[in-house]
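Structure data follow from input34.pdb (PDB, C-alpha atoms):
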ATOM      1  CA  MET A   7      22.259  -3.701  21.313
ATOM      2  CA  SER A   8      19.993  -0.698  21.912
ATOM      3  CA  HIS A   9      19.917   2.027  19.312
ATOM      4  CA  ILE A  10      21.172   5.156  21.105
ATOM      5  CA  ILE A  11      20.886   8.550  19.474
ATOM      6  CA  SER A  12      24.098  10.410  20.232
ATOM      7  CA  ARG A  13      24.215  12.832  17.301
ATOM      8  CA  GLU A  14      22.432  15.985  16.329
ATOM      9  CA  ILE A  15      19.226  15.171  14.484
ATOM     10  CA  PRO A  16      18.755  17.497  11.488
ATOM     11  CA  VAL A  17      15.600  19.580  11.633
ATOM     12  CA  THR A  18      13.587  20.181   8.464
ATOM     13  CA  ARG A  19      11.999  23.620   8.699
ATOM     14  CA  THR A  20      10.410  23.911   5.251
ATOM     15  CA  PRO A  21       7.999  21.633   3.410
ATOM     16  CA  HIS A  22       9.604  18.996   1.240
ATOM     17  CA  ASP A  23       8.021  20.682  -1.781
ATOM     18  CA  PRO A  24       6.257  24.037  -1.266
ATOM     19  CA  ALA A  25       4.151  23.352  -4.363
ATOM     20  CA  ARG A  26       3.001  20.058  -2.808
ATOM     21  CA  PRO A  27       2.723  20.844   0.906
ATOM     22  CA  TRP A  28       1.056  17.519   1.690
ATOM     23  CA  ARG A  29       4.453  15.855   1.226
ATOM     24  CA  GLY A  30       6.861  15.301   4.104
ATOM     25  CA  ILE A  31       5.899  14.633   7.722
ATOM     26  CA  MET A  32       2.392  15.910   8.426
ATOM     27  CA  VAL A  33       1.504  15.086  12.018
ATOM     28  CA  ALA A  34      -2.073  14.077  12.758
ATOM     29  CA  THR A  35      -2.190  16.134  15.920
ATOM     30  CA  THR A  36      -3.780  15.107  19.155
ATOM     31  CA  LEU A  37      -5.911  17.767  20.823
ATOM     32  CA  PRO A  38      -5.216  18.767  24.442
ATOM     33  CA  PHE A  39      -8.197  18.956  26.756
ATOM     34  CA  ARG A  40      -8.278  20.523  30.195
ATOM     35  CA  ASP A  41      -9.477  18.513  33.177
ATOM     36  CA  ASP A  42     -13.037  19.656  32.449
ATOM     37  CA  LEU A  43     -12.584  18.406  28.851
ATOM     38  CA  THR A  44     -12.698  21.867  27.276
ATOM     39  CA  VAL A  45     -10.175  22.432  24.479
ATOM     40  CA  ASP A  46      -6.897  24.036  25.548
ATOM     41  CA  TYR A  47      -6.204  26.083  22.420
ATOM     42  CA  ASP A  48      -3.072  27.703  23.866
ATOM     43  CA  ALA A  49      -1.545  24.288  24.562
ATOM     44  CA  TYR A  50      -2.542  23.162  21.088
ATOM     45  CA  ALA A  51      -0.875  26.162  19.450
ATOM     46  CA  GLU A  52       2.301  25.507  21.433
ATOM     47  CA  HIS A  53       2.233  21.869  20.377
ATOM     48  CA  VAL A  54       1.934  22.783  16.690
ATOM     49  CA  ARG A  55       4.903  25.137  16.956
ATOM     50  CA  TRP A  56       6.935  22.517  18.838
ATOM     51  CA  LEU A  57       6.312  19.852  16.210
ATOM     52  CA  ILE A  58       7.482  22.123  13.398
ATOM     53  CA  ASP A  59      10.520  23.214  15.423
ATOM     54  CA  ASN A  60      11.439  19.558  15.953
ATOM     55  CA  GLY A  61      11.565  18.349  12.375
ATOM     56  CA  CYS A  62       7.963  17.960  11.221
ATOM     57  CA  ASP A  63       6.743  19.684   8.067
ATOM     58  CA  GLY A  64       3.180  20.387   9.096
ATOM     59  CA  VAL A  65       0.083  19.264  10.938
ATOM     60  CA  VAL A  66      -3.256  17.586  10.288
ATOM     61  CA  PRO A  67      -5.852  18.971  12.715
ATOM     62  CA  ASN A  68      -9.300  17.416  13.089
ATOM     63  CA  GLY A  69      -8.274  13.907  12.171
ATOM     64  CA  SER A  70      -9.186  10.879  14.236
ATOM     65  CA  LEU A  71      -6.273  11.574  16.575
ATOM     66  CA  GLY A  72      -7.746  15.038  17.092
ATOM     67  CA  GLU A  73     -11.069  13.485  18.161
ATOM     68  CA  TYR A  74     -12.954  15.600  15.617
ATOM     69  CA  GLN A  75     -16.094  13.496  16.011
ATOM     70  CA  THR A  76     -16.496  14.804  19.578
ATOM     71  CA  LEU A  77     -16.043  18.501  18.750
ATOM     72  CA  THR A  78     -18.735  21.124  18.342
ATOM     73  CA  PRO A  79     -18.706  22.997  15.019
ATOM     74  CA  GLU A  80     -17.304  26.044  16.819
ATOM     75  CA  GLU A  81     -14.498  23.997  18.377
ATOM     76  CA  ARG A  82     -13.677  22.269  15.118
ATOM     77  CA  ALA A  83     -13.400  25.571  13.245
ATOM     78  CA  LYS A  84     -11.243  27.149  15.959
ATOM     79  CA  VAL A  85      -8.863  24.180  15.933
ATOM     80  CA  VAL A  86      -8.168  24.881  12.250
ATOM     81  CA  THR A  87      -7.601  28.597  12.675
ATOM     82  CA  THR A  88      -5.417  27.945  15.716
ATOM     83  CA  ALA A  89      -3.282  25.486  13.745
ATOM     84  CA  VAL A  90      -2.842  27.869  10.800
ATOM     85  CA  GLU A  91      -1.859  30.753  13.058
ATOM     86  CA  ALA A  92       0.540  28.624  15.110
ATOM     87  CA  ALA A  93       2.170  27.051  12.052
ATOM     88  CA  GLY A  94       2.845  30.479  10.605
ATOM     89  CA  ASP A  95       2.167  29.176   7.106
ATOM     90  CA  GLY A  96      -1.183  27.760   6.046
ATOM     91  CA  ALA A  97       0.520  25.442   3.558
ATOM     92  CA  ARG A  98       1.732  23.454   6.564
ATOM     93  CA  VAL A  99      -1.845  22.664   7.643
ATOM     94  CA  MET A 100      -4.055  19.867   6.238
ATOM     95  CA  PRO A 101      -7.367  19.862   8.132
ATOM     96  CA  GLY A 102      -9.471  16.755   8.204
ATOM     97  CA  VAL A 103     -12.846  17.510   6.594
ATOM     98  CA  ALA A 104     -14.620  14.187   7.081
ATOM     99  CA  ALA A 105     -18.366  14.301   7.707
ATOM    100  CA  TYR A 106     -21.392  12.092   7.118
ATOM    101  CA  GLY A 107     -22.690  14.267   4.291
ATOM    102  CA  SER A 108     -20.797  15.466   1.218
ATOM    103  CA  ALA A 109     -22.210  18.973   1.590
ATOM    104  CA  GLU A 110     -20.914  19.143   5.156
ATOM    105  CA  SER A 111     -17.478  17.937   4.082
ATOM    106  CA  ARG A 112     -17.502  20.601   1.373
ATOM    107  CA  ARG A 113     -18.344  23.266   3.965
ATOM    108  CA  TRP A 114     -15.438  22.153   6.149
ATOM    109  CA  ALA A 115     -13.163  22.301   3.103
ATOM    110  CA  GLU A 116     -14.404  25.844   2.459
ATOM    111  CA  GLN A 117     -13.633  26.758   6.072
ATOM    112  CA  ALA A 118     -10.138  25.290   5.725
ATOM    113  CA  ALA A 119      -9.546  27.229   2.511
ATOM    114  CA  GLU A 120     -10.771  30.465   4.100
ATOM    115  CA  ALA A 121      -8.395  29.880   7.013
ATOM    116  CA  GLY A 122      -5.509  29.533   4.545
ATOM    117  CA  ALA A 123      -4.867  25.783   4.760
ATOM    118  CA  GLY A 124      -2.805  24.264   1.949
ATOM    119  CA  SER A 125      -4.727  20.999   1.573
ATOM    120  CA  VAL A 126      -7.455  18.906   3.218
ATOM    121  CA  LEU A 127      -7.789  15.249   4.211
ATOM    122  CA  LEU A 128     -11.033  13.524   3.244
ATOM    123  CA  LEU A 129     -12.471  10.125   4.110
ATOM    124  CA  PRO A 130     -14.902   8.484   1.686
ATOM    125  CA  PRO A 131     -18.606   8.489   2.590
ATOM    126  CA  ASN A 132     -18.832   6.460   5.782
ATOM    127  CA  ALA A 133     -22.446   6.637   6.910
ATOM    128  CA  TYR A 134     -23.017   3.482   4.850
ATOM    129  CA  ARG A 135     -21.080   1.175   2.540
ATOM    130  CA  ALA A 136     -20.942   3.542  -0.438
ATOM    131  CA  ASP A 137     -20.449   2.233  -3.967
ATOM    132  CA  GLN A 138     -17.869   3.602  -6.389
ATOM    133  CA  ALA A 139     -20.242   6.072  -8.028
ATOM    134  CA  ALA A 140     -21.078   7.595  -4.642
ATOM    135  CA  VAL A 141     -17.406   7.757  -3.696
ATOM    136  CA  ARG A 142     -16.526   9.568  -6.928
ATOM    137  CA  ALA A 143     -19.386  12.044  -6.471
ATOM    138  CA  HIS A 144     -18.342  12.681  -2.860
ATOM    139  CA  TYR A 145     -14.745  13.513  -3.739
ATOM    140  CA  ALA A 146     -15.782  15.586  -6.749
ATOM    141  CA  GLU A 147     -18.100  17.661  -4.557
ATOM    142  CA  VAL A 148     -15.332  18.550  -2.104
ATOM    143  CA  ALA A 149     -12.741  19.069  -4.856
ATOM    144  CA  ARG A 150     -14.943  21.851  -6.273
ATOM    145  CA  VAL A 151     -13.783  24.041  -3.394
ATOM    146  CA  GLY A 152     -10.405  24.283  -5.094
ATOM    147  CA  VAL A 153      -8.161  23.244  -2.201
ATOM    148  CA  PRO A 154      -6.050  20.105  -2.904
ATOM    149  CA  VAL A 155      -7.752  16.978  -1.539
ATOM    150  CA  VAL A 156      -5.851  14.067   0.004
ATOM    151  CA  ALA A 157      -7.935  10.894   0.133
ATOM    152  CA  TYR A 158      -7.859   8.859   3.329
ATOM    153  CA  ASN A 159      -8.229   5.125   2.774
ATOM    154  CA  ASN A 160      -9.243   3.454   6.018
ATOM    155  CA  PRO A 161     -11.387   0.446   5.073
ATOM    156  CA  ILE A 162     -10.989  -0.960   8.584
ATOM    157  CA  ASP A 163     -13.135   1.772  10.130
ATOM    158  CA  THR A 164     -15.160   3.134   7.206
ATOM    159  CA  LYS A 165     -15.942  -0.200   5.471
ATOM    160  CA  VAL A 166     -15.360   1.643   2.164
ATOM    161  CA  ASP A 167     -12.159   0.530   0.468
ATOM    162  CA  LEU A 168     -10.389   2.928  -1.869
ATOM    163  CA  VAL A 169      -8.726   0.180  -3.882
ATOM    164  CA  PRO A 170      -5.944   1.157  -6.317
ATOM    165  CA  ALA A 171      -8.216   1.181  -9.377
ATOM    166  CA  LEU A 172     -10.695   3.496  -7.631
ATOM    167  CA  LEU A 173      -7.899   5.786  -6.464
ATOM    168  CA  ALA A 174      -6.649   5.960 -10.039
ATOM    169  CA  GLN A 175     -10.143   6.950 -11.182
ATOM    170  CA  LEU A 176     -10.430   9.637  -8.484
ATOM    171  CA  HIS A 177      -7.067  11.008  -9.570
ATOM    172  CA  ALA A 178      -8.083  10.943 -13.236
ATOM    173  CA  ASP A 179     -11.277  12.794 -12.255
ATOM    174  CA  GLY A 180      -9.100  15.568 -10.818
ATOM    175  CA  SER A 181     -10.613  14.997  -7.370
ATOM    176  CA  ILE A 182      -7.504  13.989  -5.369
ATOM    177  CA  VAL A 183      -3.779  14.751  -5.351
ATOM    178  CA  ALA A 184      -2.631  12.088  -2.884
ATOM    179  CA  VAL A 185      -3.785   9.223  -0.695
ATOM    180  CA  LYS A 186      -3.175   8.456   2.941
ATOM    181  CA  GLU A 187      -2.954   4.662   2.707
ATOM    182  CA  PHE A 188      -4.035   2.967   5.947
ATOM    183  CA  SER A 189      -5.154  -0.440   4.706
ATOM    184  CA  GLY A 190      -1.956  -2.064   5.970
ATOM    185  CA  ASP A 191      -1.518  -3.867   2.655
ATOM    186  CA  VAL A 192       1.837  -2.540   1.482
ATOM    187  CA  ARG A 193       1.481  -4.432  -1.806
ATOM    188  CA  ARG A 194      -0.998  -1.786  -2.910
ATOM    189  CA  ALA A 195       1.762   0.808  -3.144
ATOM    190  CA  TYR A 196       3.099  -0.747  -6.319
ATOM    191  CA  GLU A 197      -0.307  -1.085  -7.970
ATOM    192  CA  ILE A 198      -1.147   2.534  -7.120
ATOM    193  CA  GLY A 199       2.142   3.571  -8.708
ATOM    194  CA  GLU A 200       1.334   1.605 -11.850
ATOM    195  CA  LEU A 201      -2.275   2.759 -12.230
ATOM    196  CA  ALA A 202      -1.847   6.371 -11.096
ATOM    197  CA  PRO A 203       1.824   7.365 -11.321
ATOM    198  CA  GLY A 204       0.983  11.014 -10.647
ATOM    199  CA  LEU A 205      -0.846  10.271  -7.390
ATOM    200  CA  ASP A 206       1.253  10.893  -4.285
ATOM    201  CA  LEU A 207       1.378   7.977  -1.855
ATOM    202  CA  LEU A 208       1.429   9.001   1.804
ATOM    203  CA  ILE A 209       2.213   6.625   4.663
ATOM    204  CA  GLY A 210      -0.983   6.307   6.675
ATOM    205  CA  ALA A 211       0.029   4.037   9.558
ATOM    206  CA  ASP A 212       3.173   4.365  11.643
ATOM    207  CA  ASP A 213       3.900   0.652  11.741
ATOM    208  CA  VAL A 214       4.251   0.304   7.944
ATOM    209  CA  LEU A 215       6.421   3.394   7.548
ATOM    210  CA  LEU A 216       9.552   1.636   6.329
ATOM    211  CA  GLU A 217       7.733  -0.665   3.923
ATOM    212  CA  LEU A 218       5.785   2.154   2.261
ATOM    213  CA  ALA A 219       8.802   4.470   2.197
ATOM    214  CA  VAL A 220      10.780   1.834   0.322
ATOM    215  CA  ALA A 221       7.809   1.424  -2.031
ATOM    216  CA  GLY A 222       7.923   5.097  -2.997
ATOM    217  CA  ALA A 223       5.872   7.069  -0.461
ATOM    218  CA  VAL A 224       6.567  10.812  -0.512
ATOM    219  CA  GLY A 225       4.918  11.735   2.773
ATOM    220  CA  TRP A 226       3.748  10.484   6.135
ATOM    221  CA  ILE A 227       0.550  11.439   7.948
ATOM    222  CA  ALA A 228       1.959  10.492  11.282
ATOM    223  CA  GLY A 229       0.844   9.690  14.815
ATOM    224  CA  TYR A 230       3.839   9.055  17.053
ATOM    225  CA  PRO A 231       5.750  12.242  16.210
ATOM    226  CA  ASN A 232       3.265  13.797  18.655
ATOM    227  CA  ALA A 233       5.489  12.273  21.344
ATOM    228  CA  LEU A 234       8.872  11.745  19.631
ATOM    229  CA  PRO A 235       9.138  14.113  16.658
ATOM    230  CA  ALA A 236      12.910  14.355  16.255
ATOM    231  CA  THR A 237      13.549  10.610  16.165
ATOM    232  CA  CYS A 238      10.514   9.975  13.969
ATOM    233  CA  ALA A 239      11.794  12.633  11.555
ATOM    234  CA  GLU A 240      15.195  10.965  11.462
ATOM    235  CA  LEU A 241      13.548   7.618  10.739
ATOM    236  CA  TYR A 242      11.348   9.032   7.971
ATOM    237  CA  HIS A 243      14.151  10.852   6.182
ATOM    238  CA  ALA A 244      16.451   7.827   6.375
ATOM    239  CA  ALA A 245      13.697   5.576   5.019
ATOM    240  CA  VAL A 246      12.658   7.737   2.055
ATOM    241  CA  SER A 247      16.285   8.421   1.107
ATOM    242  CA  GLY A 248      17.104   4.697   1.061
ATOM    243  CA  ASP A 249      19.497   4.883   4.024
ATOM    244  CA  LEU A 250      18.512   1.449   5.304
ATOM    245  CA  ALA A 251      21.595   1.173   7.501
ATOM    246  CA  THR A 252      20.075   3.932   9.618
ATOM    247  CA  ALA A 253      16.395   3.245   9.032
ATOM    248  CA  VAL A 254      16.151  -0.487   9.743
ATOM    249  CA  PRO A 255      17.636  -0.573  13.268
ATOM    250  CA  LEU A 256      15.814   2.627  14.173
ATOM    251  CA  TYR A 257      12.512   1.244  12.879
ATOM    252  CA  ARG A 258      13.057  -2.029  14.726
ATOM    253  CA  SER A 259      13.767  -0.110  17.920
ATOM    254  CA  LEU A 260      10.638   2.056  17.607
ATOM    255  CA  HIS A 261       8.228  -0.557  16.273
ATOM    256  CA  PRO A 262       6.923  -1.720  19.688
ATOM    257  CA  LEU A 263       5.658   1.853  20.045
ATOM    258  CA  LEU A 264       4.699   2.625  16.444
ATOM    259  CA  ARG A 265       2.328  -0.339  16.219
ATOM    260  CA  TRP A 266      -0.001   1.282  18.748
ATOM    261  CA  ASP A 267      -0.917   3.801  16.027
ATOM    262  CA  SER A 268      -2.843   1.015  14.262
ATOM    263  CA  LYS A 269      -4.760  -0.286  17.272
ATOM    264  CA  THR A 270      -8.247   0.617  18.446
ATOM    265  CA  GLU A 271      -6.808   2.474  21.431
ATOM    266  CA  PHE A 272      -4.454   4.599  19.322
ATOM    267  CA  VAL A 273      -5.675   7.985  20.587
ATOM    268  CA  GLN A 274      -5.349   7.080  24.262
ATOM    269  CA  SER A 275      -2.035   5.298  23.611
ATOM    270  CA  ILE A 276      -0.393   8.207  21.822
ATOM    271  CA  LYS A 277      -1.681  10.672  24.413
ATOM    272  CA  LEU A 278      -0.250   8.489  27.180
ATOM    273  CA  SER A 279       3.107   8.333  25.415
ATOM    274  CA  MET A 280       3.028  12.120  25.151
ATOM    275  CA  ASP A 281       2.369  12.433  28.881
ATOM    276  CA  ILE A 282       5.318  10.159  29.635
ATOM    277  CA  ALA A 283       7.541  12.138  27.251
ATOM    278  CA  GLY A 284       6.562  15.416  28.910
ATOM    279  CA  ARG A 285       4.105  16.631  26.286
ATOM    280  CA  PRO A 286       0.456  17.741  26.799
ATOM    281  CA  GLY A 287      -1.348  14.474  26.075
ATOM    282  CA  GLY A 288      -4.050  14.324  28.690
ATOM    283  CA  PRO A 289      -7.534  12.802  28.659
ATOM    284  CA  THR A 290      -9.841  11.860  25.803
ATOM    285  CA  ARG A 291     -13.495  12.677  25.384
ATOM    286  CA  ALA A 292     -16.195  10.017  25.547
ATOM    287  CA  PRO A 293     -16.923   7.546  24.146
ATOM    288  CA  ARG A 294     -13.183   6.858  24.406
ATOM    289  CA  LEU A 295     -12.367   5.597  27.887
ATOM    290  CA  PRO A 296      -9.047   5.429  29.751
ATOM    291  CA  LEU A 297      -6.844   2.494  28.794
ATOM    292  CA  VAL A 298      -7.401  -0.757  30.643
ATOM    293  CA  PRO A 299      -4.481  -1.626  32.945
ATOM    294  CA  GLU A 300      -2.967  -4.274  30.658
ATOM    295  CA  ILE A 301      -2.801  -1.969  27.637
ATOM    296  CA  GLU A 302      -1.651   0.998  29.708
ATOM    297  CA  ALA A 303       1.210  -1.105  31.069
ATOM    298  CA  ALA A 304       2.220  -2.188  27.559
ATOM    299  CA  VAL A 305       2.203   1.379  26.216
ATOM    300  CA  ARG A 306       4.125   2.614  29.244
ATOM    301  CA  ALA A 307       6.735  -0.101  28.774
ATOM    302  CA  ALA A 308       7.180   0.619  25.056
ATOM    303  CA  THR A 309       7.381   4.366  25.665
ATOM    304  CA  GLY A 310       9.842   3.969  28.523
ATOM    305  CA  LYS A 311      12.025   1.721  26.381
ATOM    306  CA  ALA A 312      12.070   4.279  23.561
ATOM    307  CA  LEU A 313      12.976   7.125  25.901
ATOM    308  CA  ALA A 314      15.651   5.046  27.613
ATOM    309  CA  GLU A 315      17.231   4.371  24.216
ATOM    310  CA  GLY A 316      17.576   8.085  23.607
ATOM    311  CA  HIS A 317      14.648   8.678  21.292
ATOM    312  CA  LYS A 318      13.054  12.095  21.487
TER     313      LYS A 318
END
Same coordinates, now as structure tokens:
Amino acid sequence: MSHIISREIPVTRTPHDPARPWRGIMVATTLPFRDDLTVDYDAYAEHVRWLIDNGCDGVVPNGSLGEYQTLTPEERAKVVTTAVEAAGDGARVMPGVAAYGSAESRRWAEQAAEAGAGSVLLLPPNAYRADQAAVRAHYAEVARVGVPVVAYNNPIDTKVDLVPALLAQLHADGSIVAVKEFSGDVRRAYEIGELAPGLDLLIGADDVLLELAVAGAVGWIAGYPNALPATCAELYHAAVSGDLATAVPLYRSLHPLLRWDSKTEFVQSIKLSMDIAGRPGGPTRAPRLPLVPEIEAAVRAATGKALAEGHK
């Protein structure tokens, strides 16, 4: 039987913990481009406000979903200031500050702090396969800015794996407050909790949300709330509160869509789902190309199914 939402979905309008604004649902926002591929800042500001009004706690601009690698420095800086202004509270904003050099990442963290952001999201060095000493130095350099740093573990793309023991060391160094865990290995949640009990675990991939929530995650850096924020918020809150009677069928219903967040075509897929749901998704910048017909059809089918079942 389809899972139909027929009740009011509660909207969370304040961060889960104002002292730890990286907790809760922080949406890794897509970035709307006009037909000529210039940034539509007005549409982006409206999108940030809409996400917060529909149950999300904050936003993560300039992440991979925001196509930060394709932005000019001027565009990247304006995206952050636009997000802070639209959110109405800088604590709700966690800019991505990834860069090839540690000094450049530090400068982006300084820009985020000057704009009033409450935290930043930082990948490890990814220009080469950095060793642990280089990783620790990289995070220490950015942490000197004074804004809380959330580590982003994505060994699939960066080839640098922030394993639990290294995360514990980074936390002991005072360099990070939390980790966005994207490895897909949910077993790590328990080891992270054992080695670094004070380090906040954040869900880093939509299609392991339930598993990591059950394992003790206190936040979600999310992709698919860009298209379906209210239902995704309901799922998250049910999962972290242990309401499995609500969470499991909802998760099962949404999983054909959520799994696209972990695929190579995740930016195009989420933007397409947004278009179908009536949100400003739109095109991507090169080198990302439009979806091939087979993948487009699959994303359209999963999105249509979710909308038909009442998800929003």
In Å, how far is it from CA of Lys269 (chain A) to CA of Val298 (chain A)? 13.6 Å
On this structure, the PyMOL selection byres ((chain A and resi 55) around 12) would catch which residues? List them as a PyMOL selection string, sorted by chain and number. chain A and resi 19+33+35+48-54+56-65+88-95+98-99+232+235
Just how far from CA of Ala292 (chain A) is CA of Thr87 (chain A), in Å to one decimal? 24.2 Å
Taking into account only C-alpha atoms, which residue in the set A:Leu295, A:Val305, A:Ala133, A:Ala123 is nearest to Ile282 (chain A)?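 Looking at the shortest contact to Ile282 (chain A), the residue is A:Val305.
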Using only C-alpha atoms, which of the listed residues (A:Thr36, A:Gly190, A:Trp28, A:Arg135) sits closest to Gly96 (chain A)?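 That would be A:Trp28, the residue with the smallest distance to Gly96 (chain A).
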Please determine, counting all atoms listed in the file, which residue among A:Ala283, A:Ala171, A:Ile198, A:Leu176 has the shortest atom-to-atom distance to Ala314 (chain A).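 Using all atoms listed in the file, the shortest distance to Ala314 (chain A) belongs to A:Ala283.
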If you measure from CA of Val85 (chain A) to CA of His177 (chain A), what distance in Å do you get, rounded to one decimal?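 These two atoms are separated by 28.8 Å.
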In terms of the shortest atom-to-atom distance over only C-alpha atoms, which of A:Arg150, A:Arg306, A:His317, A:Pro101 is closest to Ala239 (chain A)?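 Checking each of A:Arg150, A:Arg306, A:His317, A:Pro101 against Ala239 (chain A), counting only C-alpha atoms, the winner is A:His317.
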Let me make sure I understand: among A:Gly30, A:Leu71, A:Ala119, A:Pro293, which one has the smallest atom-to-atom distance to Ala245 (chain A) if we use all atoms listed in the file?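 Result for the nearest residue to Ala245 (chain A): A:Gly30.
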List every protein, DNA or RNA residue with an atom no more than 6 Å from (-13.3, 12.5, 4.2) in the file's coordinates, counting all atoms listed in the file, and format the result as an NGL selection string. :A and (103-104 or 128-130)
Evaluate the PyMOL selection byres ((chain A and resi 275) around 12) on the structure here and hand back the selected residues as a VMD selection string. chain A and resid 36 71 229 to 230 232 to 233 263 to 274 276 to 282 287 to 290 294 to 309
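When only C-alpha atoms are used to compute distances to Tyr134 (chain A), the closest of the residues A:Asp163, A:Glu120, A:Asp249, A:Asp42 turns out to be A:Asp163.
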Please write the residues picked by the PyMOL selection byres ((chain A and resi 195) around 8) on this file as a short mmCIF file (atom, residue, chain, number, x, y, z; two decimals) with C-alpha atoms, in the frame of the given file.
data_model
loop_
_atom_site.label_atom_id
_atom_site.label_comp_id
_atom_site.auth_asym_id
_atom_site.auth_seq_id
_atom_site.Cartn_x
_atom_site.Cartn_y
_atom_site.Cartn_z
CA VAL A 192 1.84 -2.54 1.48
CA ARG A 193 1.48 -4.43 -1.81
CA ARG A 194 -1.00 -1.79 -2.91
CA TYR A 196 3.10 -0.75 -6.32
CA GLU A 197 -0.31 -1.08 -7.97
CA ILE A 198 -1.15 2.53 -7.12
CA GLY A 199 2.14 3.57 -8.71
CA LEU A 207 1.38 7.98 -1.86
CA LEU A 218 5.78 2.15 2.26
CA ALA A 221 7.81 1.42 -2.03
CA GLY A 222 7.92 5.10 -3.00
CA ALA A 223 5.87 7.07 -0.46
#
Which polymer residues, protein or nucleic acid, are no farther than 7 Å from (-7.0, 8.1, 3.1), counting all atoms listed in the file, as JSON, numbers by chain? {"A": [128, 129, 156, 157, 158, 159, 160, 185, 186, 187, 188]}
Using all atoms listed in the file, determine which residues lie at most 10 Å from Ala83 (chain A), disregarding the query and same-chain residues fewer than 3 positions distant; provide the list as a ChimeraX atom specification. /A:68,77-80,86-88,101,114,117-118,121
Do a neighbour search on Val224 (chain A) at 8 Å with only C-alpha atoms, toss out local chain neighbours closer than 4 positions, and write the hits as a tab-separated table (two decimals) with C-alpha atoms, keeping the file's coordinate frame.
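For reference, around-v3.tsv as written:
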chain	number	residue	atom	x	y	z
A	29	ARG	CA	4.45	15.86	1.23
A	30	GLY	CA	6.86	15.30	4.10
A	206	ASP	CA	1.25	10.89	-4.28
A	207	LEU	CA	1.38	7.98	-1.86
A	208	LEU	CA	1.43	9.00	1.80
A	209	ILE	CA	2.21	6.62	4.66
A	219	ALA	CA	8.80	4.47	2.20
A	246	VAL	CA	12.66	7.74	2.06
